[in-house]
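The data block below is entry-v9.cif; it holds mmCIF, C-alpha atoms.
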data_protein
loop_
_atom_site.label_atom_id
_atom_site.label_comp_id
_atom_site.auth_asym_id
_atom_site.auth_seq_id
_atom_site.Cartn_x
_atom_site.Cartn_y
_atom_site.Cartn_z
CA MET A 1 92.12 91.10 80.51
CA GLU A 2 89.15 93.41 80.90
CA ARG A 3 89.95 96.99 81.90
CA HIS A 4 88.65 98.17 85.30
CA TYR A 5 89.33 101.83 85.95
CA GLY A 6 87.90 101.40 89.42
CA MET A 7 90.91 99.30 90.40
CA ASP A 8 93.22 102.06 89.17
CA TRP A 9 91.41 104.53 91.41
CA LEU A 10 91.51 102.08 94.29
CA ARG A 11 95.27 101.70 93.90
CA ILE A 12 95.72 105.47 93.83
CA GLY A 13 93.49 105.85 96.87
CA ALA A 14 95.23 103.06 98.80
CA PHE A 15 98.63 104.71 98.48
CA GLY A 16 97.11 108.12 99.23
CA LEU A 17 95.63 106.78 102.46
CA LEU A 18 99.03 105.35 103.37
CA ILE A 19 100.58 108.83 103.20
CA PHE A 20 97.96 110.25 105.58
CA TYR A 21 98.34 107.20 107.83
CA HIS A 22 102.07 107.81 108.18
CA ILE A 23 101.42 111.47 108.98
CA GLY A 24 99.12 110.19 111.71
CA MET A 25 101.94 108.00 113.05
CA VAL A 26 103.68 111.17 114.20
CA PHE A 27 100.86 111.86 116.68
CA VAL A 28 99.75 108.49 118.09
CA PRO A 29 101.65 106.80 120.96
CA TRP A 30 103.06 104.12 118.61
CA GLY A 31 106.64 103.63 117.48
CA PHE A 32 107.80 105.79 114.56
CA GLN A 33 110.98 107.46 113.28
CA VAL A 34 109.96 110.84 114.75
CA LYS A 35 107.27 111.72 117.27
CA THR A 36 105.50 114.91 118.21
CA ALA A 37 106.08 116.33 121.67
CA HIS A 38 102.26 116.35 122.03
CA PRO A 39 101.00 112.78 121.39
CA ILE A 40 97.24 112.27 121.12
CA VAL A 41 95.88 108.99 122.43
CA TRP A 42 92.44 109.46 120.84
CA ALA A 43 94.09 109.69 117.41
CA GLU A 44 94.34 105.89 117.59
CA ILE A 45 90.61 105.73 116.83
CA PRO A 46 90.72 107.23 113.29
CA MET A 47 94.02 105.41 112.65
CA LEU A 48 92.32 102.08 113.40
CA LEU A 49 89.86 102.77 110.59
CA THR A 50 92.54 101.78 108.04
CA ASN A 51 95.14 100.03 110.20
CA PRO A 52 93.70 96.49 109.88
CA TRP A 53 93.49 96.48 106.07
CA ARG A 54 95.67 99.18 104.51
CA LEU A 55 98.75 97.00 103.88
CA THR A 56 96.81 93.93 102.72
CA LEU A 57 94.89 96.13 100.28
CA LEU A 58 98.20 97.37 98.83
CA PHE A 59 99.19 93.79 98.03
CA VAL A 60 95.78 93.04 96.51
CA VAL A 61 95.94 96.01 94.14
CA SER A 62 99.61 95.23 93.40
CA GLY A 63 98.62 91.68 92.47
CA TYR A 64 95.94 93.08 90.20
CA ALA A 65 98.47 95.41 88.54
CA SER A 66 100.94 92.52 88.24
CA ARG A 67 98.39 90.60 86.16
CA ALA A 68 98.14 93.54 83.75
CA LEU A 69 101.92 93.73 83.50
CA TYR A 70 102.22 89.97 83.07
CA THR A 71 99.76 89.91 80.18
CA ARG A 72 101.76 92.66 78.45
CA SER A 73 105.11 90.88 78.92
CA ALA A 74 106.75 88.65 76.32
CA GLY A 75 106.85 85.64 78.61
CA ILE A 76 107.79 84.92 82.22
CA ARG A 77 111.45 85.90 81.86
CA ALA A 78 110.52 89.29 80.46
CA PHE A 79 108.02 89.77 83.28
CA VAL A 80 110.65 88.96 85.92
CA ALA A 81 113.22 91.23 84.24
CA SER A 82 110.71 94.06 84.23
CA ARG A 83 109.86 93.53 87.89
CA ASN A 84 113.54 93.40 88.83
CA ALA A 85 114.15 96.73 87.16
CA ARG A 86 111.01 98.40 88.47
CA LEU A 87 111.33 97.18 92.07
CA LEU A 88 114.96 96.41 92.92
CA LEU A 89 116.43 99.63 91.51
CA PRO A 90 114.06 101.86 93.54
CA LEU A 91 114.67 99.69 96.61
CA ILE A 92 118.45 100.01 96.38
CA PHE A 93 118.24 103.72 95.55
CA GLY A 94 115.82 104.29 98.40
CA MET A 95 117.98 102.48 100.95
CA ALA A 96 121.08 104.38 99.83
CA VAL A 97 119.64 107.87 99.31
CA ILE A 98 116.05 108.29 100.53
CA ILE A 99 115.99 106.36 103.82
CA PRO A 100 119.17 107.67 105.60
CA PRO A 101 117.57 110.94 106.80
CA GLN A 102 114.85 108.91 108.52
CA THR A 103 117.39 106.81 110.40
CA TRP A 104 119.45 109.84 111.41
CA VAL A 105 116.37 111.64 112.74
CA GLU A 106 115.34 108.54 114.71
CA LEU A 107 118.78 108.20 116.26
CA THR A 108 118.98 111.91 117.01
CA THR A 109 115.54 112.32 118.58
CA GLN A 110 115.16 108.95 120.31
CA HIS A 111 118.64 107.53 120.99
CA GLY A 112 120.82 110.51 121.86
CA TYR A 113 122.89 110.50 118.66
CA THR A 114 124.80 113.81 118.46
CA ALA A 115 126.74 113.73 115.18
CA GLY A 116 125.47 115.62 112.14
CA PHE A 117 123.87 113.99 109.13
CA GLY A 118 127.04 114.21 107.00
CA HIS A 119 129.08 112.27 109.54
CA PHE A 120 126.26 109.80 110.05
CA TYR A 121 125.92 109.13 106.31
CA THR A 122 129.64 108.72 105.61
CA SER A 123 130.68 106.96 108.81
CA ASP A 124 127.72 105.14 110.39
CA TYR A 125 124.89 104.40 107.98
CA PHE A 126 126.69 101.88 105.76
CA ARG A 127 128.05 99.88 108.67
CA PHE A 128 126.03 96.74 107.79
CA GLY A 129 125.39 96.28 111.47
CA THR A 130 123.43 97.94 114.25
CA LEU A 131 123.62 101.20 116.15
CA SER A 132 121.39 101.62 119.20
CA GLY A 133 119.56 98.51 118.05
CA ILE A 134 118.78 99.91 114.58
CA VAL A 135 119.99 97.87 111.61
CA MET A 136 121.81 99.88 108.96
CA PRO A 137 121.51 100.27 106.09
CA THR A 138 117.79 99.68 106.31
CA TRP A 139 114.69 99.73 104.15
CA ASN A 140 112.21 101.26 106.66
CA HIS A 141 108.92 101.86 104.79
CA LEU A 142 110.39 100.36 101.61
CA TRP A 143 109.96 96.90 103.15
CA PHE A 144 106.82 96.78 101.02
CA VAL A 145 108.93 96.95 97.85
CA LEU A 146 111.16 94.10 99.02
CA TYR A 147 108.18 91.92 99.90
CA LEU A 148 106.47 92.76 96.61
CA TRP A 149 109.59 91.83 94.64
CA PHE A 150 109.93 88.49 96.47
CA TYR A 151 106.25 87.69 95.98
CA THR A 152 106.61 88.56 92.29
CA ILE A 153 109.36 85.97 91.93
CA LEU A 154 107.14 83.36 93.61
CA LEU A 155 104.31 84.45 91.34
CA ALA A 156 106.50 83.94 88.28
CA VAL A 157 107.38 80.44 89.47
CA LEU A 158 103.69 79.59 89.87
CA ALA A 159 102.93 81.12 86.47
CA GLY A 160 105.39 78.66 84.95
CA VAL A 161 103.43 75.67 86.24
CA PRO A 162 101.41 74.12 83.38
CA GLY A 163 97.64 74.46 83.40
CA GLY A 164 97.21 78.19 83.98
CA ALA A 165 93.68 78.11 82.61
CA ARG A 166 92.72 75.47 85.18
CA TRP A 167 94.14 77.63 87.97
CA GLN A 168 92.00 80.54 86.84
CA ALA A 169 88.93 78.33 86.52
CA ALA A 170 89.48 77.07 90.08
CA PHE A 171 89.78 80.65 91.30
CA ASP A 172 86.51 81.52 89.58
CA ARG A 173 84.74 78.63 91.30
CA ILE A 174 86.16 79.36 94.75
CA PHE A 175 85.36 83.07 94.68
CA ALA A 176 82.09 83.04 92.71
CA GLY A 177 79.21 85.13 94.02
CA GLY A 178 79.05 85.70 97.77
CA ARG A 179 82.08 83.45 98.29
CA ALA A 180 84.19 86.38 97.06
CA VAL A 181 83.29 88.01 100.37
CA PHE A 182 83.26 85.06 102.75
CA VAL A 183 86.28 83.04 101.59
CA PRO A 184 88.79 85.88 102.27
CA LEU A 185 87.04 86.53 105.58
CA ALA A 186 87.31 82.88 106.62
CA PHE A 187 90.94 82.71 105.47
CA LEU A 188 92.03 85.64 107.65
CA ILE A 189 90.11 84.42 110.69
CA VAL A 190 91.56 80.91 110.44
CA THR A 191 95.17 81.83 109.63
CA GLN A 192 95.67 85.13 111.43
CA PHE A 193 93.39 84.76 114.45
CA TRP A 194 92.81 81.09 115.16
CA LEU A 195 95.99 79.29 114.08
CA PHE A 196 98.82 81.79 114.41
CA HIS A 197 97.59 84.59 116.70
CA ARG A 198 99.08 87.42 114.69
CA THR A 199 100.00 90.62 116.50
CA GLU A 200 102.48 92.94 114.73
CA ASP A 201 104.57 92.64 111.57
CA THR A 202 108.34 92.71 111.98
CA HIS A 203 109.13 93.95 108.43
CA LYS A 204 112.43 92.07 108.72
CA PHE A 205 111.41 89.69 105.93
CA TYR A 206 113.19 86.60 107.24
CA ASP A 207 111.11 86.27 110.43
CA ASP A 208 107.81 87.75 109.25
CA TRP A 209 106.18 84.50 108.21
CA ILE A 210 102.73 85.17 109.62
CA ALA A 211 102.64 88.42 107.68
CA HIS A 212 103.78 86.56 104.56
CA LEU A 213 100.86 84.19 105.11
CA GLN A 214 98.53 87.16 104.73
CA TYR A 215 100.28 89.34 102.15
CA PHE A 216 101.29 86.74 99.56
CA PRO A 217 97.78 85.25 99.33
CA ALA A 218 96.49 88.82 99.04
CA LEU A 219 98.77 89.32 96.03
CA LEU A 220 97.55 86.03 94.53
CA PHE A 221 93.95 87.09 95.12
CA GLY A 222 94.53 90.34 93.24
CA PHE A 223 96.28 88.48 90.43
CA GLY A 224 93.41 86.02 90.08
CA LEU A 225 90.77 88.74 90.45
CA ALA A 226 92.19 90.56 87.42
CA GLY A 227 91.14 87.62 85.24
CA SER A 228 87.90 86.68 86.97
CA LYS A 229 84.64 88.26 85.88
CA THR A 230 82.68 86.02 88.27
CA ALA A 231 84.62 87.10 91.37
CA MET A 232 84.48 90.77 90.40
CA THR A 233 80.74 90.47 89.82
CA GLY A 234 80.33 88.90 93.26
CA LEU A 235 82.29 91.66 94.97
CA THR A 236 80.27 94.30 93.14
CA ARG A 237 76.96 92.66 94.01
CA TRP A 238 77.76 92.08 97.68
CA TRP A 239 79.60 95.34 98.48
CA LYS A 240 76.83 96.50 100.84
CA LEU A 241 77.18 93.37 102.97
CA SER A 242 80.96 93.77 103.04
CA ALA A 243 80.62 97.42 103.99
CA ALA A 244 78.18 96.60 106.77
CA LEU A 245 80.57 94.01 108.22
CA ALA A 246 83.48 96.45 107.99
CA VAL A 247 81.58 99.31 109.61
CA GLY A 248 80.16 97.07 112.32
CA SER A 249 83.54 95.61 113.25
CA TYR A 250 85.13 99.07 113.25
CA ALA A 251 82.36 100.31 115.55
CA ILE A 252 83.27 97.57 118.03
CA ILE A 253 86.94 98.57 117.81
CA VAL A 254 86.03 102.21 118.48
CA TRP A 255 83.93 101.21 121.49
CA MET A 256 86.79 99.13 122.88
CA LEU A 257 89.37 101.91 122.43
CA ILE A 258 87.10 104.46 124.08
CA ARG A 259 86.61 102.12 127.02
CA TYR A 260 90.22 100.90 127.10
CA PRO A 261 92.47 103.68 125.71
CA ASP A 262 95.78 102.71 124.13
CA PHE A 263 94.80 99.00 124.02
CA SER A 264 94.73 98.65 127.81
CA PHE A 265 92.46 95.59 127.63
CA PRO A 266 91.87 94.23 131.15
CA THR A 267 91.38 90.56 130.24
CA HIS A 268 92.59 88.02 127.73
CA ASP A 269 89.05 87.63 126.37
CA SER A 270 88.76 91.33 125.60
CA ALA A 271 92.08 91.24 123.75
CA LEU A 272 90.83 88.22 121.78
CA LEU A 273 87.64 90.08 120.88
CA TYR A 274 89.68 93.00 119.55
CA ARG A 275 91.85 90.72 117.43
CA PHE A 276 88.80 88.86 116.10
CA VAL A 277 86.87 91.92 114.96
CA ARG A 278 90.09 93.38 113.56
CA GLU A 279 90.39 90.47 111.11
CA ILE A 280 86.72 90.85 110.16
CA GLU A 281 87.29 94.53 109.42
CA ALA A 282 90.42 93.73 107.39
CA ALA A 283 88.71 91.26 105.06
CA ALA A 284 85.36 93.04 104.81
CA ALA A 285 86.82 96.48 104.16
CA ILE A 286 88.97 95.19 101.29
CA THR A 287 86.13 93.34 99.57
CA ALA A 288 83.82 96.33 100.12
CA LEU A 289 86.31 98.79 98.65
CA ILE A 290 86.86 96.63 95.57
CA GLY A 291 83.10 96.33 95.05
CA ILE A 292 82.59 100.07 95.56
CA ALA A 293 85.45 100.92 93.19
CA GLU A 294 84.00 98.65 90.51
CA ARG A 295 80.44 99.85 91.05
CA PHE A 296 81.04 103.60 91.24
CA GLY A 297 84.58 104.32 90.02
CA ASN A 298 84.86 102.36 86.79
CA ARG A 299 85.38 105.43 84.61
CA ASP A 300 88.39 107.27 83.24
CA HIS A 301 89.49 110.83 84.00
CA ALA A 302 92.12 113.17 82.64
CA TRP A 303 94.12 112.92 85.90
CA ARG A 304 94.01 109.14 86.25
CA ALA A 305 97.09 108.31 84.17
CA THR A 306 99.21 110.97 85.88
CA LEU A 307 98.12 109.95 89.36
CA ALA A 308 98.68 106.26 88.57
CA GLU A 309 102.22 107.01 87.39
CA ALA A 310 102.94 109.31 90.35
CA THR A 311 101.81 106.77 92.96
CA PHE A 312 105.07 104.82 93.26
CA PRO A 313 107.37 107.90 93.39
CA PHE A 314 105.04 109.37 96.02
CA TYR A 315 105.37 106.18 98.03
CA ILE A 316 109.17 106.21 97.81
CA ILE A 317 109.61 109.77 99.13
CA HIS A 318 106.62 110.42 101.38
CA GLN A 319 107.87 109.02 104.70
CA THR A 320 111.23 110.76 104.47
CA ALA A 321 109.38 114.02 103.79
CA ILE A 322 107.16 113.48 106.84
CA VAL A 323 110.07 112.64 109.15
CA VAL A 324 112.30 115.52 108.02
CA VAL A 325 109.54 118.15 108.16
CA GLU A 326 108.46 117.04 111.63
CA PHE A 327 112.10 117.08 112.75
CA TRP A 328 112.34 120.72 111.60
CA ILE A 329 109.12 121.95 113.20
CA ARG A 330 109.17 119.87 116.41
CA PRO A 331 111.47 122.28 118.34
CA LEU A 332 109.04 125.14 117.61
CA ASP A 333 106.53 123.58 120.05
CA LEU A 334 103.58 124.57 117.89
CA GLY A 335 101.20 121.94 119.20
CA ALA A 336 99.78 118.87 117.48
CA LEU A 337 97.13 120.64 115.38
CA ALA A 338 99.56 123.19 113.93
CA GLU A 339 102.11 120.45 113.21
CA PHE A 340 99.45 118.42 111.40
CA LEU A 341 98.36 121.43 109.33
CA ILE A 342 101.98 121.97 108.30
CA LEU A 343 102.81 118.31 107.68
CA VAL A 344 99.96 117.60 105.26
CA PRO A 345 100.68 120.30 102.62
CA ALA A 346 104.45 120.03 103.10
CA THR A 347 104.40 116.28 102.49
CA ILE A 348 102.13 116.54 99.44
CA THR A 349 104.31 119.33 98.01
CA ALA A 350 107.48 117.27 98.53
CA CYS A 351 105.88 114.24 96.84
CA TRP A 352 104.80 116.25 93.81
CA ALA A 353 108.21 117.93 93.52
CA PHE A 354 109.99 114.56 93.72
CA TYR A 355 107.77 113.11 91.01
CA MET A 356 107.69 116.14 88.70
CA ILE A 357 111.45 116.63 88.80
CA GLY A 358 112.34 112.93 88.72
CA ARG A 359 110.16 112.12 85.74
CA GLU A 360 111.95 114.74 83.60
CA ILE A 361 115.44 113.30 84.28
CA ASP A 362 115.62 110.22 82.11
CA TRP A 363 118.48 108.45 83.90
CA LEU A 364 116.73 109.01 87.26
CA ARG A 365 113.35 107.62 86.20
CA PRO A 366 114.18 103.91 86.85
CA PHE A 367 115.35 104.79 90.37
CA ILE A 368 111.97 106.29 91.29
CA GLY A 369 109.96 103.44 89.75
CA LEU A 370 109.32 104.82 86.25
CA LYS A 371 110.31 103.45 82.86
CA ARG A 372 112.99 105.16 80.81
CA ARG A 373 111.55 107.36 78.10
CA ARG A 374 111.42 105.85 74.63
CA PRO A 375 112.59 107.67 71.51
CA ALA A 376 110.05 110.18 70.25
CA ALA A 377 109.01 108.14 67.22
CA ALA A 378 108.44 104.99 69.25
CA ALA A 379 106.62 106.97 71.92
CA ALA A 380 104.28 108.40 69.32
CA ARG A 381 103.50 104.94 67.97
CA GLY A 382 102.79 103.61 71.44
CA ASN A 383 100.85 106.59 72.72
CA ARG A 384 97.44 104.98 72.45
CA HIS A 385 98.61 101.84 74.21
CA ILE A 386 100.00 103.85 77.11
CA ARG A 387 96.71 105.67 77.49
CA ALA A 388 94.87 102.35 77.55
CA GLN A 389 97.04 100.75 80.21
CA SER A 390 98.73 103.11 82.68
CA ASP A 391 102.33 102.71 83.69
CA VAL A 392 101.82 101.27 87.17
CA ALA A 393 104.33 99.95 89.63
#
Give the structure from the file, written as structure tokens.
Amino acid sequence: MERHYGMDWLRIGAFGLLIFYHIGMVFVPWGFQVKTAHPIVWAEIPMLLTNPWRLTLLFVVSGYASRALYTRSAGIRAFVASRNARLLLPLIFGMAVIIPPQTWVELTTQHGYTAGFGHFYTSDYFRFGTLSGIVMPTWNHLWFVLYLWFYTILLAVLAGVPGGARWQAAFDRIFAGGRAVFVPLAFLIVTQFWLFHRTEDTHKFYDDWIAHLQYFPALLFGFGLAGSKTAMTGLTRWWKLSAALAVGSYAIIVWMLIRYPDFSFPTHDSALLYRFVREIEAAAAITALIGIAERFGNRDHAWRATLAEATFPFYIIHQTAIVVVEFWIRPLDLGALAEFLILVPATITACWAFYMIGREIDWLRPFIGLKRRRPAAAAARGNRHIRAQSDVA
């Protein structure tokens, strides 16, 4: 498959935006593991810039990366084995080691839990039940890894169906030219707005079928896009139209939130309008960002390989870092601005430390989403290949 550095940068940027989004979750009046004592209603406005499309974009870029990994694998079984190792191990490790502080902080700050973390971890967390309505053990933000693993298995099943070239040819026809913009837009409007009236994801996997109807096709779109020059050309050519649709729909959302703060829509029609323009923003922003990345970001840089490798470890640790740091500084009553100015550098520092330390401990690497190191001689022989295709999750 043809190399597109722009998609690497888009993947890095998508996960970077997610970190800042979760920092923002501390301050808006929405549910989260820990909340500031000084919530800011107007913070919903910048949050809604990425809220409609951030998760779907993650599955698109993950589908694109999956195509690269699939083409490098020695068959479907090797691809599945690789995905099992690179996704299930971090998921299990995260649920057992990384997530528990989040759950303890949530129970302590929002449900009156009084025991210390040591007692919670040894006596309550592995109950395989609920406490104050919270299921434990849990995956919290690592739901994305579970969904991605399940979609990968479905993808492998589809890849085993004969006639792969015909599937790719059909994709090229469906998403050729301007259809690369309008087909995803129509799909989201029909499935998420018109037919199933999507509101919020549950992240429980077994009852999140409307979300699956959006995220799995997004993964398939990314997988097909990785082998489609015609679709990529269409997205690149029509990025201005996509951007205009995304900006216009976001402007309507901003106007509605200014007029009706915290989604206090007075009528059913106004709520429908919000949901409609939200789906337009979701589809248009994703197609615009892909086109922009291909048009302006399709070049390598000395930091690209490192950032691409660091992305998955950053994702694993970032929310726990946010929750723990906010838990520490919340009693100081510093105010929202000071808390934000502390949370941003503290979270980034924790992410870098987790990655830099974890990558040097060979046995730990698979648990943070990285491959085990190869022997020095083999690594030297494969050095050029690694530079050509980054080690992505």
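Distance annotation: of A:Ala244, A:Ile322, A:Leu272, A:Leu188, the residue with the minimal separation from A:Met256 is A:Leu272; atom set is only C-alpha atoms.
Nearest residue to A:Val325, choosing from A:Leu343, A:Ile368, A:Ile292, A:Leu185 and counting all atoms listed in the file: A:Leu343.
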How many Å separate atom CA of A:Phe117 from atom CA of A:Pro101? 7.4 Å
Selected by the PyMOL selection byres ((chain A and resi 126-136) around 10) in the shown coordinates: which residues, as a JSON list (two decimals) with C-alpha atoms, in the frame of the given file?
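To be explicit, this is the file written out as selection.json:
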[["chain", "number", "residue", "atom", "x", "y", "z"],
["A", 95, "MET", "CA", 117.98, 102.48, 100.95],
["A", 96, "ALA", "CA", 121.08, 104.38, 99.83],
["A", 100, "PRO", "CA", 119.17, 107.67, 105.60],
["A", 103, "THR", "CA", 117.39, 106.81, 110.40],
["A", 106, "GLU", "CA", 115.34, 108.54, 114.71],
["A", 107, "LEU", "CA", 118.78, 108.20, 116.26],
["A", 110, "GLN", "CA", 115.16, 108.95, 120.31],
["A", 111, "HIS", "CA", 118.64, 107.53, 120.99],
["A", 112, "GLY", "CA", 120.82, 110.51, 121.86],
["A", 113, "TYR", "CA", 122.89, 110.50, 118.66],
["A", 120, "PHE", "CA", 126.26, 109.80, 110.05],
["A", 121, "TYR", "CA", 125.92, 109.13, 106.31],
["A", 122, "THR", "CA", 129.64, 108.72, 105.61],
["A", 123, "SER", "CA", 130.68, 106.96, 108.81],
["A", 124, "ASP", "CA", 127.72, 105.14, 110.39],
["A", 125, "TYR", "CA", 124.89, 104.40, 107.98],
["A", 137, "PRO", "CA", 121.51, 100.27, 106.09],
["A", 138, "THR", "CA", 117.79, 99.68, 106.31],
["A", 139, "TRP", "CA", 114.69, 99.73, 104.15],
["A", 140, "ASN", "CA", 112.21, 101.26, 106.66],
["A", 204, "LYS", "CA", 112.43, 92.07, 108.72]]
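Of the residues listed (A:Arg304, A:Arg86, A:Arg373, A:Arg359), A:Arg304 shows the shortest atom-to-atom separation from A:Arg11; distances use all atoms listed in the file.
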Distance cut-off 12 Å, centre (102.4, 83.6, 105.4) in file coordinates, counting only C-alpha atoms: which residues qualify? Return them as a count of residues only. 25
Spell out the residues picked by the PyMOL selection byres ((chain A and resi 356) around 12) here, as a list in words.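 Given this file, the PyMOL selection byres ((chain A and resi 356) around 12) evaluates to Thr306, Leu307, Glu309, Ala310, Thr311, Pro313, Phe314, Thr349, Ala350, Cys351, Trp352, Ala353, Phe354, Tyr355, Ile357, Gly358, Arg359, Glu360, Ile361, Asp362, Leu364, Arg365, Ile368 and Leu370 of chain A.
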Written selection (C-alpha atoms) as a tab-separated table (two decimals), keeping the file's coordinate frame:
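Saved to again31.tsv:
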chain	number	residue	atom	x	y	z
A	306	THR	CA	99.21	110.97	85.88
A	307	LEU	CA	98.12	109.95	89.36
A	309	GLU	CA	102.22	107.01	87.39
A	310	ALA	CA	102.94	109.31	90.35
A	311	THR	CA	101.81	106.77	92.96
A	313	PRO	CA	107.37	107.90	93.39
A	314	PHE	CA	105.04	109.37	96.02
A	349	THR	CA	104.31	119.33	98.01
A	350	ALA	CA	107.48	117.27	98.53
A	351	CYS	CA	105.88	114.24	96.84
A	352	TRP	CA	104.80	116.25	93.81
A	353	ALA	CA	108.21	117.93	93.52
A	354	PHE	CA	109.99	114.56	93.72
A	355	TYR	CA	107.77	113.11	91.01
A	357	ILE	CA	111.45	116.63	88.80
A	358	GLY	CA	112.34	112.93	88.72
A	359	ARG	CA	110.16	112.12	85.74
A	360	GLU	CA	111.95	114.74	83.60
A	361	ILE	CA	115.44	113.30	84.28
A	362	ASP	CA	115.62	110.22	82.11
A	364	LEU	CA	116.73	109.01	87.26
A	365	ARG	CA	113.35	107.62	86.20
A	368	ILE	CA	111.97	106.29	91.29
A	370	LEU	CA	109.32	104.82	86.25
Please provide the set of residues having any atom within 9 Å of A:Ala156, restricted to all atoms listed in the file, with same-chain residues fewer than 5 positions apart removed, written as a ChimeraX atom specification. /A:76-77,79-80,151
Evaluate the PyMOL selection byres ((chain A and resi 25) around 12) and report residues as an NGL selection string: :A and (18-24 or 26-36 or 39-41 or 43-44 or 46-48 or 51 or 319 or 322-323 or 326 or 336 or 340 or 343)
Find the residues near A:Phe223: any atom within 7 Å, counting only C-alpha atoms, skip ones fewer than 6 places away on the same chain, and give them as a ChimeraX atom specification. /A:63-64,66-67
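For the atom pair formed by atom CA of A:Asn84 and atom CA of A:Trp167, the distance is 25.0 Å, given to one decimal.
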Using all atoms listed in the file, which residue out of A:Val190, A:Ile317, A:Leu10, A:Leu225 lies closest to A:Leu58?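 Of A:Val190, A:Ile317, A:Leu10, A:Leu225, the one nearest A:Leu58 is A:Leu10, counting all atoms listed in the file.
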Using atom CA of A:Val181 and atom CA of A:Val60 as the two end points, give the distance in Å to one decimal. 14.0 Å
Counting all atoms listed in the file, figure out which residue out of A:Met7, A:Val61, A:Leu245, A:Ala282 gets nearest to A:Phe221. A:Val61
Which residue, A:Val344, A:Met232, A:Leu49, A:Ala226, has the smallest gap to A:Ala285 when you use only C-alpha atoms?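 Among the listed residues, A:Leu49 lies closest to A:Ala285.
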Please list, as an mmCIF file with C-alpha atoms, in the coordinates of the input, the residues that have an atom at most 12 Å away from (88.4, 100.5, 113.6) in the coordinates of this file, counting all atoms listed in the file.
data_model
loop_
_atom_site.group_PDB
_atom_site.id
_atom_site.type_symbol
_atom_site.label_atom_id
_atom_site.label_comp_id
_atom_site.auth_asym_id
_atom_site.auth_seq_id
_atom_site.Cartn_x
_atom_site.Cartn_y
_atom_site.Cartn_z
ATOM 1 C CA ALA A 43 94.090 109.690 117.410
ATOM 2 C CA GLU A 44 94.340 105.890 117.590
ATOM 3 C CA ILE A 45 90.610 105.730 116.830
ATOM 4 C CA PRO A 46 90.720 107.230 113.290
ATOM 5 C CA MET A 47 94.020 105.410 112.650
ATOM 6 C CA LEU A 48 92.320 102.080 113.400
ATOM 7 C CA LEU A 49 89.860 102.770 110.590
ATOM 8 C CA THR A 50 92.540 101.780 108.040
ATOM 9 C CA ASN A 51 95.140 100.030 110.200
ATOM 10 C CA PRO A 52 93.700 96.490 109.880
ATOM 11 C CA TRP A 53 93.490 96.480 106.070
ATOM 12 C CA ARG A 54 95.670 99.180 104.510
ATOM 13 C CA LEU A 245 80.570 94.010 108.220
ATOM 14 C CA ALA A 246 83.480 96.450 107.990
ATOM 15 C CA VAL A 247 81.580 99.310 109.610
ATOM 16 C CA GLY A 248 80.160 97.070 112.320
ATOM 17 C CA SER A 249 83.540 95.610 113.250
ATOM 18 C CA TYR A 250 85.130 99.070 113.250
ATOM 19 C CA ALA A 251 82.360 100.310 115.550
ATOM 20 C CA ILE A 252 83.270 97.570 118.030
ATOM 21 C CA ILE A 253 86.940 98.570 117.810
ATOM 22 C CA VAL A 254 86.030 102.210 118.480
ATOM 23 C CA TRP A 255 83.930 101.210 121.490
ATOM 24 C CA MET A 256 86.790 99.130 122.880
ATOM 25 C CA LEU A 257 89.370 101.910 122.430
ATOM 26 C CA ILE A 258 87.100 104.460 124.080
ATOM 27 C CA TYR A 274 89.680 93.000 119.550
ATOM 28 C CA ARG A 275 91.850 90.720 117.430
ATOM 29 C CA PHE A 276 88.800 88.860 116.100
ATOM 30 C CA VAL A 277 86.870 91.920 114.960
ATOM 31 C CA ARG A 278 90.090 93.380 113.560
ATOM 32 C CA GLU A 279 90.390 90.470 111.110
ATOM 33 C CA ILE A 280 86.720 90.850 110.160
ATOM 34 C CA GLU A 281 87.290 94.530 109.420
ATOM 35 C CA ALA A 282 90.420 93.730 107.390
ATOM 36 C CA ALA A 284 85.360 93.040 104.810
ATOM 37 C CA ALA A 285 86.820 96.480 104.160
#
Padding 6 Å on every side, please: axis-aligned box over the listed atoms of stretch 351-360 of chain A, centre and edge lengths to one decimal in Å, as AutoDock Vina command-line options.
--center_x 108.6 --center_y 115.0 --center_z 90.2 --size_x 19.5 --size_y 17.8 --size_z 25.2
Missing atoms in stretch 326-330 of chain A: fill them in up to N, CA, C and O atoms and send the result as a PDB file, in the frame of the given file.
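What landed in rebuild-v7.pdb:
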ATOM      1  N   GLU A 326     108.770 117.069 110.203  1.00  0.00           N
ATOM      2  CA  GLU A 326     108.460 117.040 111.630  1.00  0.00           C
ATOM      3  C   GLU A 326     109.698 117.315 112.468  1.00  0.00           C
ATOM      4  O   GLU A 326     109.621 117.994 113.506  1.00  0.00           O
ATOM      5  N   PHE A 327     110.845 116.816 112.037  1.00  0.00           N
ATOM      6  CA  PHE A 327     112.100 117.080 112.750  1.00  0.00           C
ATOM      7  C   PHE A 327     112.393 118.580 112.781  1.00  0.00           C
ATOM      8  O   PHE A 327     112.869 119.113 113.795  1.00  0.00           O
ATOM      9  N   TRP A 328     112.105 119.276 111.672  1.00  0.00           N
ATOM     10  CA  TRP A 328     112.340 120.720 111.600  1.00  0.00           C
ATOM     11  C   TRP A 328     111.386 121.517 112.477  1.00  0.00           C
ATOM     12  O   TRP A 328     111.783 122.502 113.106  1.00  0.00           O
ATOM     13  N   ILE A 329     110.109 121.122 112.510  1.00  0.00           N
ATOM     14  CA  ILE A 329     109.120 121.950 113.200  1.00  0.00           C
ATOM     15  C   ILE A 329     108.916 121.540 114.661  1.00  0.00           C
ATOM     16  O   ILE A 329     108.354 122.307 115.443  1.00  0.00           O
ATOM     17  N   ARG A 330     109.378 120.360 115.045  1.00  0.00           N
ATOM     18  CA  ARG A 330     109.170 119.870 116.410  1.00  0.00           C
ATOM     19  C   ARG A 330     109.732 120.829 117.467  1.00  0.00           C
ATOM     20  O   ARG A 330     109.062 121.087 118.487  1.00  0.00           O
TER      21      ARG A 330
END
